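Here's model02.pdb, which has PDB, C-alpha atoms:
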ATOM      1  CA  MET A  25      33.157 -65.684 -35.285
ATOM      2  CA  LEU A  26      31.298 -62.444 -35.962
ATOM      3  CA  LYS A  27      28.346 -64.365 -37.431
ATOM      4  CA  PHE A  28      28.191 -66.550 -34.332
ATOM      5  CA  ILE A  29      28.065 -63.471 -32.097
ATOM      6  CA  LEU A  30      25.424 -61.898 -34.337
ATOM      7  CA  TYR A  31      23.222 -65.005 -34.231
ATOM      8  CA  ALA A  32      23.735 -65.371 -30.474
ATOM      9  CA  PHE A  33      22.583 -61.775 -30.072
ATOM     10  CA  MET A  34      19.595 -62.396 -32.366
ATOM     11  CA  PHE A  35      18.713 -65.495 -30.324
ATOM     12  CA  PHE A  36      18.919 -63.481 -27.122
ATOM     13  CA  VAL A  37      16.658 -60.740 -28.556
ATOM     14  CA  MET A  38      14.139 -63.226 -29.973
ATOM     15  CA  ALA A  39      14.090 -65.148 -26.688
ATOM     16  CA  ILE A  40      13.337 -61.956 -24.768
ATOM     17  CA  LEU A  41      10.619 -61.005 -27.264
ATOM     18  CA  GLN A  42       9.133 -64.524 -27.218
ATOM     19  CA  THR A  43       8.935 -64.706 -23.456
ATOM     20  CA  VAL A  44       8.099 -61.096 -22.557
ATOM     21  CA  ILE A  45       6.291 -59.447 -25.473
ATOM     22  CA  VAL A  46       4.551 -62.301 -27.331
ATOM     23  CA  PRO A  47       2.258 -63.338 -24.443
ATOM     24  CA  HIS A  48       0.805 -59.824 -24.516
ATOM     25  CA  ILE A  49       0.077 -59.807 -28.259
ATOM     26  CA  LYS A  50      -1.946 -63.006 -28.407
ATOM     27  CA  ILE A  51      -4.932 -62.956 -30.701
ATOM     28  CA  MET A  52      -7.543 -65.542 -29.668
ATOM     29  CA  ASP A  53      -4.912 -67.794 -28.034
ATOM     30  CA  ALA A  54      -2.718 -67.625 -31.154
ATOM     31  CA  TYR A  55       0.770 -66.279 -30.783
ATOM     32  CA  PRO A  56       3.687 -65.974 -33.201
ATOM     33  CA  ASP A  57       6.647 -68.289 -32.864
ATOM     34  CA  LEU A  58       9.641 -65.964 -33.214
ATOM     35  CA  LEU A  59      12.113 -68.686 -32.325
ATOM     36  CA  LEU A  60      10.857 -70.808 -35.214
ATOM     37  CA  ILE A  61      11.334 -67.855 -37.573
ATOM     38  CA  LEU A  62      14.923 -67.493 -36.343
ATOM     39  CA  THR A  63      15.510 -71.229 -36.749
ATOM     40  CA  VAL A  64      14.192 -71.157 -40.330
ATOM     41  CA  ILE A  65      16.317 -68.118 -41.220
ATOM     42  CA  THR A  66      19.422 -69.715 -39.724
ATOM     43  CA  ALA A  67      18.834 -73.049 -41.445
ATOM     44  CA  LEU A  68      18.176 -71.508 -44.851
ATOM     45  CA  ARG A  69      21.195 -69.204 -44.675
ATOM     46  CA  HIS A  70      23.806 -71.432 -43.019
ATOM     47  CA  GLY A  71      22.817 -75.059 -43.519
ATOM     48  CA  SER A  72      21.714 -78.031 -41.526
ATOM     49  CA  LEU A  73      24.261 -77.955 -38.700
ATOM     50  CA  ALA A  74      23.578 -74.304 -37.845
ATOM     51  CA  GLY A  75      19.832 -74.863 -38.255
ATOM     52  CA  CYS A  76      19.942 -77.914 -36.016
ATOM     53  CA  PHE A  77      21.912 -76.042 -33.345
ATOM     54  CA  MET A  78      19.623 -72.996 -33.446
ATOM     55  CA  GLY A  79      16.601 -75.316 -33.415
ATOM     56  CA  PHE A  80      17.916 -77.180 -30.409
ATOM     57  CA  MET A  81      18.592 -73.967 -28.497
ATOM     58  CA  SER A  82      15.171 -72.556 -29.422
ATOM     59  CA  GLY A  83      13.464 -75.789 -28.442
ATOM     60  CA  LEU A  84      15.344 -75.909 -25.174
ATOM     61  CA  LEU A  85      14.077 -72.432 -24.329
ATOM     62  CA  CYS A  86      10.507 -73.491 -25.183
ATOM     63  CA  ASP A  87      10.925 -76.622 -23.050
ATOM     64  CA  VAL A  88      11.618 -74.429 -20.039
ATOM     65  CA  TYR A  89       8.060 -73.082 -20.298
ATOM     66  CA  ALA A  90       6.426 -76.413 -21.185
ATOM     67  CA  PRO A  91       5.077 -78.854 -18.603
ATOM     68  CA  VAL A  92       7.886 -80.825 -16.944
ATOM     69  CA  GLU A  93       6.699 -84.270 -18.009
ATOM     70  CA  TRP A  94       7.339 -83.368 -21.687
ATOM     71  CA  LEU A  95      10.845 -81.983 -21.287
ATOM     72  CA  GLY A  96      12.714 -82.324 -24.567
ATOM     73  CA  ALA A  97       9.731 -82.480 -26.910
ATOM     74  CA  TYR A  98      10.228 -78.949 -28.230
ATOM     75  CA  SER A  99      13.985 -79.498 -28.503
ATOM     76  CA  LEU A 100      13.362 -82.550 -30.647
ATOM     77  CA  ALA A 101      10.818 -80.779 -32.848
ATOM     78  CA  TYR A 102      12.855 -77.614 -33.435
ATOM     79  CA  CYS A 103      16.064 -79.592 -33.972
ATOM     80  CA  ILE A 104      14.483 -81.793 -36.643
ATOM     81  CA  VAL A 105      12.955 -78.771 -38.367
ATOM     82  CA  GLY A 106      16.280 -76.893 -38.322
ATOM     83  CA  PHE A 107      18.143 -79.878 -39.735
ATOM     84  CA  ALA A 108      15.556 -80.617 -42.429
ATOM     85  CA  LEU A 109      15.375 -77.011 -43.601
ATOM     86  CA  GLY A 110      19.141 -76.747 -43.556
ATOM     87  CA  GLN A 111      19.180 -79.334 -46.314
ATOM     88  CA  ILE A 112      17.753 -76.707 -48.685
ATOM     89  CA  GLU A 113      20.358 -74.098 -47.775
ATOM     90  CA  GLU A 114      20.274 -70.967 -49.937
ATOM     91  CA  SER A 115      23.687 -71.681 -51.426
ATOM     92  CA  PHE A 116      22.145 -74.646 -53.233
ATOM     93  CA  ILE A 117      18.652 -73.345 -53.960
ATOM     94  CA  ASN A 118      17.763 -69.672 -54.177
ATOM     95  CA  LEU A 119      14.290 -69.270 -52.710
ATOM     96  CA  ASN A 120      12.194 -66.203 -53.417
ATOM     97  CA  LEU A 121      10.027 -64.565 -50.754
ATOM     98  CA  PHE A 122       6.924 -66.632 -51.542
ATOM     99  CA  LEU A 123       8.801 -69.940 -51.316
ATOM    100  CA  LYS A 124      10.397 -68.908 -48.021
ATOM    101  CA  ILE A 125       6.921 -68.242 -46.638
ATOM    102  CA  VAL A 126       5.751 -71.663 -47.852
ATOM    103  CA  VAL A 127       8.785 -73.233 -46.187
ATOM    104  CA  LEU A 128       7.934 -71.401 -42.954
ATOM    105  CA  VAL A 129       4.350 -72.728 -43.045
ATOM    106  CA  LEU A 130       5.575 -76.277 -43.620
ATOM    107  CA  ALA A 131       8.174 -75.885 -40.869
ATOM    108  CA  ASP A 132       5.518 -74.714 -38.424
ATOM    109  CA  PHE A 133       3.231 -77.648 -39.223
ATOM    110  CA  LEU A 134       6.143 -80.100 -39.046
ATOM    111  CA  LYS A 135       7.239 -78.716 -35.673
ATOM    112  CA  ASP A 136       3.720 -78.927 -34.253
ATOM    113  CA  ILE A 137       3.149 -82.435 -35.581
ATOM    114  CA  ILE A 138       6.451 -83.696 -34.139
ATOM    115  CA  TYR A 139       5.725 -82.017 -30.813
ATOM    116  CA  TYR A 140       2.193 -83.363 -30.450
ATOM    117  CA  PHE A 141       3.202 -86.863 -31.504
ATOM    118  CA  SER A 142       6.104 -86.854 -29.059
ATOM    119  CA  ILE A 143       3.875 -85.884 -26.127
ATOM    120  CA  GLU A 144       1.242 -88.356 -27.338
ATOM    121  CA  THR A 145      -1.746 -85.998 -27.342
ATOM    122  CA  ILE A 146      -2.866 -86.686 -30.905
ATOM    123  CA  THR A 147      -6.396 -87.996 -30.679
ATOM    124  CA  ASP A 148      -9.043 -89.010 -33.158
ATOM    125  CA  ASP A 149     -10.086 -85.373 -33.540
ATOM    126  CA  ILE A 150      -7.165 -84.271 -35.745
ATOM    127  CA  PRO A 151      -9.172 -81.702 -37.798
ATOM    128  CA  LYS A 152     -10.187 -79.909 -34.590
ATOM    129  CA  ILE A 153      -6.559 -79.776 -33.451
ATOM    130  CA  ILE A 154      -5.479 -78.407 -36.833
ATOM    131  CA  TYR A 155      -8.135 -75.685 -36.902
ATOM    132  CA  SER A 156      -7.913 -74.703 -33.253
ATOM    133  CA  LEU A 157      -4.156 -74.986 -32.607
ATOM    134  CA  PHE A 158      -2.057 -75.269 -35.736
ATOM    135  CA  LEU A 159      -3.779 -72.911 -38.161
ATOM    136  CA  PRO A 160      -4.197 -69.712 -36.091
ATOM    137  CA  LYS A 161      -0.655 -69.892 -34.697
ATOM    138  CA  SER A 162       0.748 -70.691 -38.107
ATOM    139  CA  ILE A 163      -0.980 -67.715 -39.727
ATOM    140  CA  TYR A 164       0.340 -65.358 -37.071
ATOM    141  CA  THR A 165       3.872 -66.777 -37.388
ATOM    142  CA  VAL A 166       3.782 -66.524 -41.172
ATOM    143  CA  VAL A 167       2.699 -62.873 -41.124
ATOM    144  CA  LEU A 168       5.621 -61.915 -38.882
ATOM    145  CA  GLY A 169       7.951 -64.276 -40.742
ATOM    146  CA  ALA A 170       7.064 -62.625 -44.054
ATOM    147  CA  ILE A 171       8.074 -59.269 -42.603
ATOM    148  CA  PHE A 172      11.407 -60.683 -41.386
ATOM    149  CA  PHE A 173      12.074 -62.384 -44.732
ATOM    150  CA  TYR A 174      11.241 -59.204 -46.630
ATOM    151  CA  LEU A 175      13.602 -57.127 -44.488
ATOM    152  CA  LEU A 176      16.351 -59.721 -44.948
ATOM    153  CA  SER A 177      15.823 -59.773 -48.708
ATOM    154  CA  LEU A 178      16.241 -55.987 -48.831
ATOM    155  CA  LYS A 179      19.537 -56.306 -46.977
ATOM    156  CA  THR A 180      20.698 -59.106 -49.290
ATOM    157  CA  GLU A 181      19.755 -57.151 -52.422
ATOM    158  CA  LYS A 182      21.816 -54.185 -51.223
ATOM    159  CA  LYS A 183      24.833 -56.469 -50.714
ATOM    160  CA  VAL A 184      24.419 -57.881 -54.241
ATOM    161  CA  GLU A 185      24.200 -54.374 -55.731
ATOM    162  CA  ILE A 186      27.343 -53.275 -53.885
ATOM    163  CA  TYR A 187      29.127 -56.425 -55.062
ATOM    164  CA  LYS A 188      28.083 -55.842 -58.698
ATOM    165  CA  GLN A 189      29.238 -52.211 -58.575
ATOM    166  CA  GLY A 190      32.621 -53.329 -57.291
ATOM    167  CA  LEU A 191      33.188 -55.589 -60.294
TER     168      LEU A 191
END
Step by step, read the file and then write its structure as C-alpha cells.
Amino acid sequence: MLKFILYAFMFFVMAILQTVIVPHIKIMDAYPDLLLILTVITALRHGSLAGCFMGFMSGLLCDVYAPVEWLGAYSLAYCIVGFALGQIEESFINLNLFLKIVVLVLADFLKDIIYYFSIETITDDIPKIIYSLFLPKSIYTVVLGAIFFYLLSLKTEKKVEIYKQGL
C-alpha cells in the first residue's frame, strides 16, 4: 500500500512538472517526457501490470493535452510501452545504468512510433520525422532519464549495503 501511495505521489509530481515546468524548458521544440521516464522506472521495478497501469495513466494525462480527434492514442502507446518493458522486470534481469538508458531510448522510439501510426500521420518522409521529432525529444528525455536512473541506483546500492551489513 505504501508503494502505491509513493508512486501515486510521484505521478502527481511528474504530472505537475510535465504540464507546468517542461513547456518552459523546451530546447528547439524538444521537451523531455517525464511521464515516460516514470513509466519506464515503474515497469522495470514492478513488472508489466504496474508498468501498464502507470503507462495508461501517463498516456491519459497526455491525451488531455492532445487534439480531441486522437483521444486515446497516447494511452495506447504508453500502455504498450509499460507492458512491454515490464516483461524485463529487474527481478528477472539486473540492468546496469547503460542498459537502462538504452531501454529508455527504445521505449521513447516505440512510444512515438505507436502514437504516430495510431493517428495515421506517418508519411513517406520518415527520416525527416525521425530527425525533427523523435531524435531531439529522445535525447532530452534520455539525459533527464539518466539522471533519474543514477539517483535511483544510488538509493538501491545503499539498501544493498545495509542489507549486507545486517547479515
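For the pair atom CA of Phe133 of chain A and atom CA of Ser162 of chain A, the interatomic distance is 7.5 Å.
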(Q) Which residues, named as in the file, does the PyMOL selection byres ((chain A and resi 81) around 12) pick out? Answer as JSON, numbers by chain. (A) {"A": [31, 32, 35, 36, 38, 39, 59, 60, 62, 63, 74, 75, 76, 77, 78, 79, 80, 82, 83, 84, 85, 86, 87, 88, 96, 98, 99, 100, 101, 102, 103, 106]}
Q) What is the distance, in Å and to one decimal place, between atom CA of Thr43 of chain A and atom CA of Tyr140 of chain A? A) 21.0 Å
Q.
At a cut-off of 12 Å, using only C-alpha atoms, what residues contact Ile45 of chain A? Leave out same-chain residues fewer than 6 positions from it and give the result as number ranges by chain.
A. A: 37-39, 55-58
Can those selected residues be exported to a file as a compact mmCIF listing (two decimals), in the coordinates of the input so that it contains C-alpha atoms?
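The result, written out as selection_30.txt:
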# COMPACT_ATOMS: atom_id res chain seq x y z
CA VAL A 37 16.66 -60.74 -28.56
CA MET A 38 14.14 -63.23 -29.97
CA ALA A 39 14.09 -65.15 -26.69
CA TYR A 55 0.77 -66.28 -30.78
CA PRO A 56 3.69 -65.97 -33.20
CA ASP A 57 6.65 -68.29 -32.86
CA LEU A 58 9.64 -65.96 -33.21
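Proximity to Ile61 of chain A was assessed for A:Gln111, A:Ser177, A:Ser142, A:Gln42 counting only C-alpha atoms; the smallest distance is recorded for A:Gln42.
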Q: With the file shown as input, list the residues that the PyMOL selection byres ((chain A and resi 127) around 12) selects, as a PyMOL selection string.
A: chain A and resi 60-61+63-65+67-68+105-106+108-110+112-113+119-126+128-135+162+165-166+169-170+173
Q) Suppose you want the space between atom CA of His48 of chain A and atom CA of Ile163 of chain A; what is it in Å? A) 17.2 Å
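You can rank A:Val46, A:Tyr174, A:Leu30, A:Met52 by their closest distance to Pro160 of chain A using only C-alpha atoms, and at the top of that list sits A:Met52.
Of the residues under consideration (A:Phe33, A:Leu26, A:Ala97, A:Lys50), A:Lys50 shows the shortest atom-to-atom contact distance to Tyr164 of chain A when counting only C-alpha atoms.
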Residue rebuild result segment 97-108 of chain A, all heavy atoms as a PDB file, in the coordinates of the input:
ATOM      1  N   ALA A  97      10.586 -82.337 -25.723  1.00  0.00           N
ATOM      2  CA  ALA A  97       9.731 -82.480 -26.910  1.00  0.00           C
ATOM      3  C   ALA A  97       9.924 -81.313 -27.872  1.00  0.00           C
ATOM      4  O   ALA A  97      10.026 -81.512 -29.089  1.00  0.00           O
ATOM      5  CB  ALA A  97       8.267 -82.598 -26.497  1.00  0.00           C
ATOM      6  N   TYR A  98       9.988 -80.103 -27.364  1.00  0.00           N
ATOM      7  CA  TYR A  98      10.228 -78.949 -28.230  1.00  0.00           C
ATOM      8  C   TYR A  98      11.641 -78.986 -28.808  1.00  0.00           C
ATOM      9  O   TYR A  98      11.861 -78.634 -29.966  1.00  0.00           O
ATOM     10  CB  TYR A  98      10.014 -77.639 -27.481  1.00  0.00           C
ATOM     11  CG  TYR A  98       8.594 -77.172 -27.455  1.00  0.00           C
ATOM     12  CD1 TYR A  98       7.906 -77.046 -26.257  1.00  0.00           C
ATOM     13  CD2 TYR A  98       7.924 -76.846 -28.622  1.00  0.00           C
ATOM     14  CE1 TYR A  98       6.598 -76.603 -26.214  1.00  0.00           C
ATOM     15  CE2 TYR A  98       6.613 -76.406 -28.591  1.00  0.00           C
ATOM     16  CZ  TYR A  98       5.963 -76.287 -27.386  1.00  0.00           C
ATOM     17  OH  TYR A  98       4.662 -75.847 -27.365  1.00  0.00           O
ATOM     18  N   SER A  99      12.611 -79.400 -28.002  1.00  0.00           N
ATOM     19  CA  SER A  99      13.985 -79.498 -28.503  1.00  0.00           C
ATOM     20  C   SER A  99      14.066 -80.457 -29.679  1.00  0.00           C
ATOM     21  O   SER A  99      14.720 -80.173 -30.678  1.00  0.00           O
ATOM     22  CB  SER A  99      14.932 -79.961 -27.397  1.00  0.00           C
ATOM     23  OG  SER A  99      14.971 -79.039 -26.365  1.00  0.00           O
ATOM     24  N   LEU A 100      13.401 -81.579 -29.555  1.00  0.00           N
ATOM     25  CA  LEU A 100      13.362 -82.550 -30.647  1.00  0.00           C
ATOM     26  C   LEU A 100      12.708 -81.962 -31.885  1.00  0.00           C
ATOM     27  O   LEU A 100      13.248 -82.058 -32.989  1.00  0.00           O
ATOM     28  CB  LEU A 100      12.606 -83.801 -30.193  1.00  0.00           C
ATOM     29  CG  LEU A 100      12.363 -84.861 -31.270  1.00  0.00           C
ATOM     30  CD1 LEU A 100      13.682 -85.509 -31.659  1.00  0.00           C
ATOM     31  CD2 LEU A 100      11.365 -85.886 -30.790  1.00  0.00           C
ATOM     32  N   ALA A 101      11.561 -81.316 -31.705  1.00  0.00           N
ATOM     33  CA  ALA A 101      10.818 -80.779 -32.848  1.00  0.00           C
ATOM     34  C   ALA A 101      11.596 -79.678 -33.558  1.00  0.00           C
ATOM     35  O   ALA A 101      11.740 -79.695 -34.795  1.00  0.00           O
ATOM     36  CB  ALA A 101       9.462 -80.261 -32.382  1.00  0.00           C
ATOM     37  N   TYR A 102      12.109 -78.715 -32.818  1.00  0.00           N
ATOM     38  CA  TYR A 102      12.855 -77.614 -33.435  1.00  0.00           C
ATOM     39  C   TYR A 102      14.151 -78.107 -34.085  1.00  0.00           C
ATOM     40  O   TYR A 102      14.548 -77.629 -35.137  1.00  0.00           O
ATOM     41  CB  TYR A 102      13.197 -76.556 -32.387  1.00  0.00           C
ATOM     42  CG  TYR A 102      12.106 -75.572 -32.098  1.00  0.00           C
ATOM     43  CD1 TYR A 102      11.138 -75.831 -31.133  1.00  0.00           C
ATOM     44  CD2 TYR A 102      12.047 -74.361 -32.763  1.00  0.00           C
ATOM     45  CE1 TYR A 102      10.156 -74.930 -30.842  1.00  0.00           C
ATOM     46  CE2 TYR A 102      11.063 -73.441 -32.475  1.00  0.00           C
ATOM     47  CZ  TYR A 102      10.113 -73.726 -31.513  1.00  0.00           C
ATOM     48  OH  TYR A 102       9.128 -72.818 -31.230  1.00  0.00           O
ATOM     49  N   CYS A 103      14.813 -79.058 -33.443  1.00  0.00           N
ATOM     50  CA  CYS A 103      16.064 -79.592 -33.972  1.00  0.00           C
ATOM     51  C   CYS A 103      15.833 -80.306 -35.303  1.00  0.00           C
ATOM     52  O   CYS A 103      16.591 -80.109 -36.260  1.00  0.00           O
ATOM     53  CB  CYS A 103      16.677 -80.542 -32.951  1.00  0.00           C
ATOM     54  SG  CYS A 103      18.356 -81.034 -33.305  1.00  0.00           S
ATOM     55  N   ILE A 104      14.802 -81.102 -35.391  1.00  0.00           N
ATOM     56  CA  ILE A 104      14.483 -81.793 -36.643  1.00  0.00           C
ATOM     57  C   ILE A 104      14.123 -80.800 -37.732  1.00  0.00           C
ATOM     58  O   ILE A 104      14.571 -80.919 -38.879  1.00  0.00           O
ATOM     59  CB  ILE A 104      13.352 -82.820 -36.422  1.00  0.00           C
ATOM     60  CG1 ILE A 104      13.868 -83.991 -35.592  1.00  0.00           C
ATOM     61  CG2 ILE A 104      12.794 -83.313 -37.756  1.00  0.00           C
ATOM     62  CD1 ILE A 104      12.801 -84.964 -35.173  1.00  0.00           C
ATOM     63  N   VAL A 105      13.333 -79.787 -37.384  1.00  0.00           N
ATOM     64  CA  VAL A 105      12.955 -78.771 -38.367  1.00  0.00           C
ATOM     65  C   VAL A 105      14.188 -78.015 -38.848  1.00  0.00           C
ATOM     66  O   VAL A 105      14.372 -77.788 -40.045  1.00  0.00           O
ATOM     67  CB  VAL A 105      11.898 -77.808 -37.782  1.00  0.00           C
ATOM     68  CG1 VAL A 105      11.732 -76.572 -38.640  1.00  0.00           C
ATOM     69  CG2 VAL A 105      10.576 -78.528 -37.631  1.00  0.00           C
ATOM     70  N   GLY A 106      15.059 -77.607 -37.936  1.00  0.00           N
ATOM     71  CA  GLY A 106      16.280 -76.893 -38.322  1.00  0.00           C
ATOM     72  C   GLY A 106      17.172 -77.724 -39.214  1.00  0.00           C
ATOM     73  O   GLY A 106      17.727 -77.228 -40.197  1.00  0.00           O
ATOM     74  N   PHE A 107      17.310 -79.001 -38.899  1.00  0.00           N
ATOM     75  CA  PHE A 107      18.143 -79.878 -39.735  1.00  0.00           C
ATOM     76  C   PHE A 107      17.524 -80.086 -41.112  1.00  0.00           C
ATOM     77  O   PHE A 107      18.206 -80.001 -42.132  1.00  0.00           O
ATOM     78  CB  PHE A 107      18.354 -81.230 -39.044  1.00  0.00           C
ATOM     79  CG  PHE A 107      19.213 -82.160 -39.842  1.00  0.00           C
ATOM     80  CD1 PHE A 107      20.586 -82.005 -39.844  1.00  0.00           C
ATOM     81  CD2 PHE A 107      18.654 -83.163 -40.611  1.00  0.00           C
ATOM     82  CE1 PHE A 107      21.393 -82.842 -40.595  1.00  0.00           C
ATOM     83  CE2 PHE A 107      19.447 -84.008 -41.360  1.00  0.00           C
ATOM     84  CZ  PHE A 107      20.815 -83.847 -41.352  1.00  0.00           C
ATOM     85  N   ALA A 108      16.227 -80.353 -41.148  1.00  0.00           N
ATOM     86  CA  ALA A 108      15.556 -80.617 -42.429  1.00  0.00           C
ATOM     87  C   ALA A 108      15.595 -79.391 -43.340  1.00  0.00           C
ATOM     88  O   ALA A 108      15.851 -79.503 -44.536  1.00  0.00           O
ATOM     89  CB  ALA A 108      14.116 -81.059 -42.185  1.00  0.00           C
TER      90      ALA A 108
END
